[in-house]
>>> print(open('run14.csv').read())   # CSV, C-alpha atoms
chain,number,residue,atom,x,y,z
P,1,MET,CA,27.5,110.5,52.9
P,2,LEU,CA,27.1,111.2,49.2
P,3,ARG,CA,28.6,107.8,48.4
P,4,ILE,CA,26.0,106.1,50.6
P,5,ALA,CA,23.2,108.1,48.9
P,6,ILE,CA,24.5,107.1,45.4
P,7,LEU,CA,24.7,103.4,46.5
P,8,LEU,CA,21.2,103.5,47.9
P,9,ALA,CA,19.8,105.2,44.8
P,10,GLY,CA,21.6,102.6,42.5
P,11,SER,CA,20.2,99.8,44.7
P,12,ALA,CA,16.7,101.2,44.4
P,13,ALA,CA,17.0,101.6,40.7
P,14,LEU,CA,18.0,97.9,40.3
P,15,THR,CA,15.2,96.6,42.4
P,16,GLY,CA,12.7,98.9,40.8
P,17,CYS,CA,13.3,97.6,37.2
P,18,GLY,CA,10.1,95.6,37.3
P,19,ALA,CA,8.7,92.3,38.4
P,20,GLY,CA,10.8,89.2,37.8
P,21,PHE,CA,9.7,86.1,35.9
P,22,GLU,CA,8.4,84.4,39.0
P,23,ASP,CA,6.2,87.3,39.9
P,24,LYS,CA,4.9,87.6,36.4
P,25,LEU,CA,4.2,83.9,36.3
P,26,ALA,CA,2.2,83.9,39.5
P,27,GLY,CA,-1.5,83.6,38.8
P,28,THR,CA,-3.9,81.5,36.7
P,29,TRP,CA,-3.2,80.6,33.0
P,30,ASP,CA,-5.5,79.2,30.4
P,31,CYS,CA,-3.6,77.0,27.9
P,32,GLY,CA,-4.3,75.2,24.7
P,33,THR,CA,-2.3,73.1,22.3
P,34,GLU,CA,-1.1,74.6,19.0
P,35,GLN,CA,-2.2,71.7,16.8
P,36,GLU,CA,-5.6,70.3,17.6
P,37,ALA,CA,-7.4,67.7,15.5
P,38,PRO,CA,-10.6,68.9,13.9
P,39,ASN,CA,-12.9,67.0,16.4
P,40,SER,CA,-10.8,67.2,19.5
P,41,LYS,CA,-9.6,69.9,21.9
P,42,PHE,CA,-7.1,69.8,24.8
P,43,THR,CA,-7.0,72.6,27.4
P,44,VAL,CA,-5.1,73.1,30.6
P,45,GLN,CA,-5.6,75.6,33.3
P,46,LEU,CA,-2.6,76.2,35.6
P,47,SER,CA,-2.4,78.2,38.8
P,48,TYR,CA,1.2,79.2,39.7
P,49,LYS,CA,1.9,80.4,43.2
P,50,ALA,CA,5.0,82.5,43.9
P,51,SER,CA,5.9,79.9,46.6
P,52,GLY,CA,6.7,77.4,43.8
P,53,GLU,CA,3.5,75.4,44.1
P,54,ILE,CA,1.2,74.7,41.1
P,55,ASP,CA,-2.2,73.2,40.7
P,56,GLY,CA,-4.7,73.0,37.8
P,57,THR,CA,-6.9,70.9,35.6
P,58,MET,CA,-6.6,69.4,32.1
P,59,VAL,CA,-9.5,68.5,29.9
P,60,TYR,CA,-9.5,66.5,26.7
P,61,GLU,CA,-12.7,66.7,24.6
P,62,GLU,CA,-13.6,64.8,21.5
P,63,THR,CA,-16.7,65.0,19.3
P,64,GLN,CA,-17.9,62.2,17.0
P,65,GLY,CA,-21.1,63.0,15.2
P,66,GLU,CA,-23.6,64.3,17.8
P,67,ASP,CA,-21.7,62.7,20.7
P,68,THR,CA,-19.2,64.5,22.9
P,69,MET,CA,-16.8,62.9,25.4
P,70,SER,CA,-14.6,64.8,27.8
P,71,VAL,CA,-12.0,63.6,30.3
P,72,ARG,CA,-10.9,65.8,33.1
P,73,GLY,CA,-7.8,65.4,35.3
P,74,GLY,CA,-6.3,67.3,38.2
P,75,LEU,CA,-2.8,68.5,38.5
P,76,ASP,CA,-0.8,69.3,41.7
P,77,GLY,CA,2.9,69.9,42.3
P,78,THR,CA,5.8,72.3,42.2
P,79,TRP,CA,7.5,74.5,39.6
P,80,ASP,CA,11.0,76.0,39.2
P,81,TYR,CA,12.5,78.4,36.7
P,82,ASP,CA,16.3,78.5,36.0
P,83,GLY,CA,16.3,81.6,33.7
P,84,GLU,CA,15.4,79.6,30.6
P,85,THR,CA,13.6,76.4,31.4
P,86,LEU,CA,10.4,76.0,33.4
P,87,THR,CA,10.4,72.7,35.3
P,88,HIS,CA,7.2,71.1,36.7
P,89,LYS,CA,7.0,68.1,39.0
P,90,MET,CA,3.4,67.2,39.2
P,91,THR,CA,0.9,64.5,40.1
P,92,GLU,CA,-1.8,64.0,37.5
P,93,GLU,CA,-5.0,62.3,38.6
P,94,PHE,CA,-8.2,61.3,36.8
P,95,GLU,CA,-11.2,63.3,38.0
P,96,GLU,CA,-14.1,62.6,35.7
P,97,LEU,CA,-15.5,61.3,32.4
P,98,LYS,CA,-18.5,62.9,30.8
P,99,VAL,CA,-20.4,61.7,27.8
P,100,ASN,CA,-22.9,64.2,26.3
P,101,ASP,CA,-22.5,66.3,29.5
P,102,GLU,CA,-23.5,63.3,31.7
P,103,VAL,CA,-20.9,62.3,34.3
P,104,ILE,CA,-20.1,58.6,34.2
P,105,PRO,CA,-19.8,57.0,37.6
P,106,ARG,CA,-16.2,56.2,38.4
P,107,GLU,CA,-16.9,52.5,38.8
P,108,GLN,CA,-18.2,52.4,35.2
P,109,VAL,CA,-15.1,54.0,33.7
P,110,ASP,CA,-12.6,51.7,32.0
P,111,PRO,CA,-9.7,51.2,34.5
P,112,ALA,CA,-7.2,51.7,31.6
P,113,LEU,CA,-8.5,55.3,31.2
P,114,ILE,CA,-8.0,56.0,34.9
P,115,GLU,CA,-4.6,54.4,34.9
P,116,GLY,CA,-3.7,56.3,31.7
P,117,PHE,CA,-3.1,59.4,33.8
P,118,ARG,CA,0.6,59.5,34.5
P,119,GLY,CA,0.6,59.8,38.3
P,120,GLU,CA,3.9,61.6,39.1
P,121,ASP,CA,5.6,63.2,36.2
P,122,SER,CA,8.0,66.0,35.5
P,123,TYR,CA,8.3,68.3,32.5
P,124,GLU,CA,11.2,70.6,31.5
P,125,ASN,CA,10.3,73.1,28.8
P,126,PRO,CA,12.0,76.2,27.4
P,127,VAL,CA,9.5,79.0,27.8
P,128,ASP,CA,9.1,82.7,26.9
P,129,LEU,CA,6.8,85.0,28.8
P,130,VAL,CA,5.7,87.9,26.6
P,131,GLU,CA,3.2,90.4,27.9
P,132,SER,CA,0.4,88.2,29.2
P,133,GLU,CA,1.3,85.1,27.0
P,134,LEU,CA,3.4,82.1,28.1
P,135,LEU,CA,4.8,80.0,25.3
P,136,TRP,CA,6.0,76.5,26.0
P,137,TYR,CA,8.4,75.1,23.3
P,138,LYS,CA,8.9,71.5,22.3
P,139,ASP,CA,12.7,71.7,22.6
P,140,ASP,CA,15.6,74.0,23.2
P,141,THR,CA,15.6,75.3,19.6
P,142,ARG,CA,12.4,77.2,20.5
P,143,GLY,CA,11.2,76.6,17.0
P,144,GLU,CA,7.8,74.9,17.7
P,145,VAL,CA,5.4,76.1,20.3
P,146,GLU,CA,3.8,73.1,22.1
P,147,LEU,CA,1.5,75.0,24.4
P,148,ARG,CA,0.3,78.6,24.4
P,149,CYS,CA,-1.1,80.1,27.6
P,150,LYS,CA,-2.9,83.3,28.3
P,151,LYS,CA,-3.2,84.9,31.7
P,152,ALA,CA,-6.7,84.5,33.0
P,153,GLU,CA,-8.6,87.7,33.8
>>> encode(input="run14.csv", output="structure tokens")
Amino acid sequence: MLRIAILLAGSAALTGCGAGFEDKLAGTWDCGTEQEAPNSKFTVQLSYKASGEIDGTMVYEETQGEDTMSVRGGLDGTWDYDGETLTHKMTEEFEELKVNDEVIPREQVDPALIEGFRGEDSYENPVDLVESELLWYKDDTRGEVELRCKKAE
């Protein structure tokens, strides 16, 4: 009986060590690139579900003089984590173009811009999850951060 109690206590201790990566990742993240040009900004919002699904939006904004242009796209797909690399398989789709906060009708948008969204794509990035910050690295050396994400409130 004592042996069973010790095994159960050890099992409870192992499972009670805290949430795993997948549980910590679940939720909405606001991301931005590390190196932005002075007149442009690229942001991504990703919502990870514990089921392995992901959706989100990406926005590229550029200002020239008094004019501002922004392009927004939607993201939808799946994610997986192997202990070191976060893999995404996503569909990227054009959603809207705005110039000075005015939405441009889709039929007036240059088809090359709409086609510039990648459609189906996959990404494999080494990542670190520290506190409420998710760091995506450019490569396995983990030397250069490509995208920095903060958990949304």
>>> residues_around(input="run14.csv", residues="segment 85-91 of chain P", least_positions_apart="2", cutoff="9 Å", atoms="only C-alpha atoms", output="number ranges by chain")
P: 54-55, 74-83, 93, 118-128, 136, 140
>>> residues_around(input="run14.csv", residues="Leu25 of chain P", least_positions_apart="2", cutoff="12 Å", atoms="all atoms listed in the file", output="PDB file with C-alpha atoms, in the frame of the given file")
ATOM      1  CA  ALA P  19       8.700  92.300  38.400  1.00  0.00           C
ATOM      2  CA  GLY P  20      10.800  89.200  37.800  1.00  0.00           C
ATOM      3  CA  PHE P  21       9.700  86.100  35.900  1.00  0.00           C
ATOM      4  CA  GLU P  22       8.400  84.400  39.000  1.00  0.00           C
ATOM      5  CA  ASP P  23       6.200  87.300  39.900  1.00  0.00           C
ATOM      6  CA  GLY P  27      -1.500  83.600  38.800  1.00  0.00           C
ATOM      7  CA  THR P  28      -3.900  81.500  36.700  1.00  0.00           C
ATOM      8  CA  TRP P  29      -3.200  80.600  33.000  1.00  0.00           C
ATOM      9  CA  LEU P  46      -2.600  76.200  35.600  1.00  0.00           C
ATOM     10  CA  SER P  47      -2.400  78.200  38.800  1.00  0.00           C
ATOM     11  CA  TYR P  48       1.200  79.200  39.700  1.00  0.00           C
ATOM     12  CA  LYS P  49       1.900  80.400  43.200  1.00  0.00           C
ATOM     13  CA  ALA P  50       5.000  82.500  43.900  1.00  0.00           C
ATOM     14  CA  SER P  51       5.900  79.900  46.600  1.00  0.00           C
ATOM     15  CA  GLY P  52       6.700  77.400  43.800  1.00  0.00           C
ATOM     16  CA  GLU P  53       3.500  75.400  44.100  1.00  0.00           C
ATOM     17  CA  ILE P  54       1.200  74.700  41.100  1.00  0.00           C
ATOM     18  CA  TRP P  79       7.500  74.500  39.600  1.00  0.00           C
ATOM     19  CA  ASP P  80      11.000  76.000  39.200  1.00  0.00           C
ATOM     20  CA  TYR P  81      12.500  78.400  36.700  1.00  0.00           C
ATOM     21  CA  LEU P  86      10.400  76.000  33.400  1.00  0.00           C
ATOM     22  CA  VAL P 127       9.500  79.000  27.800  1.00  0.00           C
ATOM     23  CA  ASP P 128       9.100  82.700  26.900  1.00  0.00           C
ATOM     24  CA  LEU P 129       6.800  85.000  28.800  1.00  0.00           C
ATOM     25  CA  VAL P 130       5.700  87.900  26.600  1.00  0.00           C
ATOM     26  CA  GLU P 131       3.200  90.400  27.900  1.00  0.00           C
ATOM     27  CA  SER P 132       0.400  88.200  29.200  1.00  0.00           C
ATOM     28  CA  GLU P 133       1.300  85.100  27.000  1.00  0.00           C
ATOM     29  CA  LEU P 134       3.400  82.100  28.100  1.00  0.00           C
ATOM     30  CA  LEU P 135       4.800  80.000  25.300  1.00  0.00           C
ATOM     31  CA  CYS P 149      -1.100  80.100  27.600  1.00  0.00           C
ATOM     32  CA  LYS P 150      -2.900  83.300  28.300  1.00  0.00           C
ATOM     33  CA  LYS P 151      -3.200  84.900  31.700  1.00  0.00           C
ATOM     34  CA  ALA P 152      -6.700  84.500  33.000  1.00  0.00           C
TER      35      ALA P 152
END
>>> closest_residue(input="run14.csv", among="P:Glu62, P:Glu144, P:Asp139, P:Glu153", to="Lys41 of chain P", atoms="only C-alpha atoms")
P:Glu62
>>> residues_around(input="run14.csv", residues="Val109 of chain P", least_positions_apart="5", cutoff="9 Å", atoms="all atoms listed in the file", output="list in words")
Glu96, Leu97, Ile104 and Ile114 of chain P
>>> atom_distance(input="run14.csv", atom1="atom CA of Asp30 of chain P", atom2="atom CA of Val44 of chain P")
6.1 Å
>>> closest_residue(input="run14.csv", among="P:Met69, P:Thr33, P:Leu113, P:Arg148", to="Val99 of chain P", atoms="only C-alpha atoms")
P:Met69
>>> atom_distance(input="run14.csv", atom1="atom CA of Glu66 of chain P", atom2="atom CA of Ala112 of chain P")
24.9 Å
>>> atom_distance(input="run14.csv", atom1="atom CA of Thr63 of chain P", atom2="atom CA of Thr43 of chain P")
14.7 Å
>>> closest_residue(input="run14.csv", among="P:Glu95, P:Glu115, P:Asp110, P:Glu84", to="Arg72 of chain P", atoms="only C-alpha atoms")
P:Glu95
>>> closest_residue(input="run14.csv", among="P:Gln45, P:Pro105, P:Tyr137, P:Ala26", to="Tyr60 of chain P", atoms="only C-alpha atoms")
P:Gln45
>>> closest_residue(input="run14.csv", among="P:Cys31, P:Val71, P:Val145, P:Ala37", to="Glu102 of chain P", atoms="all atoms listed in the file")
P:Val71
>>> decode(input="run14.csv", residues="segment 78-102 of chain P", atoms="N, CA and C atoms", output="mmCIF file, in the first residue's frame")
data_model
loop_
_atom_site.group_PDB
_atom_site.id
_atom_site.type_symbol
_atom_site.label_atom_id
_atom_site.label_comp_id
_atom_site.auth_asym_id
_atom_site.auth_seq_id
_atom_site.Cartn_x
_atom_site.Cartn_y
_atom_site.Cartn_z
ATOM 1 N N THR P 78 -2.761 25.572 -38.940
ATOM 2 C CA THR P 78 -2.430 24.705 -37.811
ATOM 3 C C THR P 78 -1.008 24.976 -37.348
ATOM 4 N N TRP P 79 -0.724 24.556 -36.111
ATOM 5 C CA TRP P 79 0.628 24.681 -35.564
ATOM 6 C C TRP P 79 0.996 23.397 -34.842
ATOM 7 N N ASP P 80 2.313 23.188 -34.693
ATOM 8 C CA ASP P 80 2.825 22.027 -33.973
ATOM 9 C C ASP P 80 4.158 22.429 -33.346
ATOM 10 N N TYR P 81 4.488 21.831 -32.216
ATOM 11 C CA TYR P 81 5.744 22.126 -31.521
ATOM 12 C C TYR P 81 6.436 20.810 -31.199
ATOM 13 N N ASP P 82 7.715 20.693 -31.590
ATOM 14 C CA ASP P 82 8.447 19.441 -31.370
ATOM 15 C C ASP P 82 9.421 19.507 -30.205
ATOM 16 N N GLY P 83 9.315 20.540 -29.388
ATOM 17 C CA GLY P 83 10.231 20.693 -28.259
ATOM 18 C C GLY P 83 11.250 21.787 -28.499
ATOM 19 N N GLU P 84 11.413 22.193 -29.753
ATOM 20 C CA GLU P 84 12.363 23.245 -30.095
ATOM 21 C C GLU P 84 11.871 24.147 -31.212
ATOM 22 N N THR P 85 11.183 23.549 -32.182
ATOM 23 C CA THR P 85 10.749 24.285 -33.369
ATOM 24 C C THR P 85 9.229 24.372 -33.403
ATOM 25 N N LEU P 86 8.741 25.582 -33.650
ATOM 26 C CA LEU P 86 7.310 25.826 -33.801
ATOM 27 C C LEU P 86 7.025 25.833 -35.303
ATOM 28 N N THR P 87 6.181 24.912 -35.758
ATOM 29 C CA THR P 87 5.851 24.784 -37.168
ATOM 30 C C THR P 87 4.431 25.287 -37.405
ATOM 31 N N HIS P 88 4.290 26.122 -38.429
ATOM 32 C CA HIS P 88 2.981 26.644 -38.824
ATOM 33 C C HIS P 88 2.694 26.212 -40.255
ATOM 34 N N LYS P 89 1.487 25.776 -40.510
ATOM 35 C CA LYS P 89 1.000 25.555 -41.870
ATOM 36 C C LYS P 89 -0.234 26.431 -41.978
ATOM 37 N N MET P 90 -0.113 27.494 -42.783
ATOM 38 C CA MET P 90 -1.175 28.486 -42.809
ATOM 39 C C MET P 90 -1.562 28.879 -44.224
ATOM 40 N N THR P 91 -2.783 29.356 -44.334
ATOM 41 C CA THR P 91 -3.257 29.990 -45.544
ATOM 42 C C THR P 91 -3.279 31.485 -45.256
ATOM 43 N N GLU P 92 -2.650 32.247 -46.123
ATOM 44 C CA GLU P 92 -2.634 33.704 -46.002
ATOM 45 C C GLU P 92 -3.553 34.254 -47.091
ATOM 46 N N GLU P 93 -4.404 35.207 -46.714
ATOM 47 C CA GLU P 93 -5.350 35.734 -47.684
ATOM 48 C C GLU P 93 -5.477 37.249 -47.536
ATOM 49 N N PHE P 94 -5.459 37.940 -48.662
ATOM 50 C CA PHE P 94 -5.653 39.384 -48.680
ATOM 51 C C PHE P 94 -7.033 39.714 -48.105
ATOM 52 N N GLU P 95 -7.092 40.755 -47.238
ATOM 53 C CA GLU P 95 -8.376 41.197 -46.688
ATOM 54 C C GLU P 95 -8.737 42.612 -47.116
ATOM 55 N N GLU P 96 -7.799 43.569 -46.943
ATOM 56 C CA GLU P 96 -8.149 44.936 -47.348
ATOM 57 C C GLU P 96 -6.924 45.823 -47.518
ATOM 58 N N LEU P 97 -7.123 46.853 -48.314
ATOM 59 C CA LEU P 97 -6.140 47.916 -48.526
ATOM 60 C C LEU P 97 -6.800 49.223 -48.101
ATOM 61 N N LYS P 98 -6.083 49.981 -47.277
ATOM 62 C CA LYS P 98 -6.563 51.301 -46.858
ATOM 63 C C LYS P 98 -5.536 52.348 -47.256
ATOM 64 N N VAL P 99 -6.026 53.485 -47.715
ATOM 65 C CA VAL P 99 -5.180 54.641 -47.968
ATOM 66 C C VAL P 99 -5.788 55.790 -47.181
ATOM 67 N N ASN P 100 -4.985 56.346 -46.279
ATOM 68 C CA ASN P 100 -5.460 57.423 -45.397
ATOM 69 C C ASN P 100 -6.783 57.042 -44.722
ATOM 70 N N ASP P 101 -6.805 55.836 -44.158
ATOM 71 C CA ASP P 101 -7.959 55.287 -43.424
ATOM 72 C C ASP P 101 -9.202 55.046 -44.271
ATOM 73 N N GLU P 102 -9.097 55.145 -45.579
ATOM 74 C CA GLU P 102 -10.230 54.867 -46.466
ATOM 75 C C GLU P 102 -10.005 53.506 -47.124
#
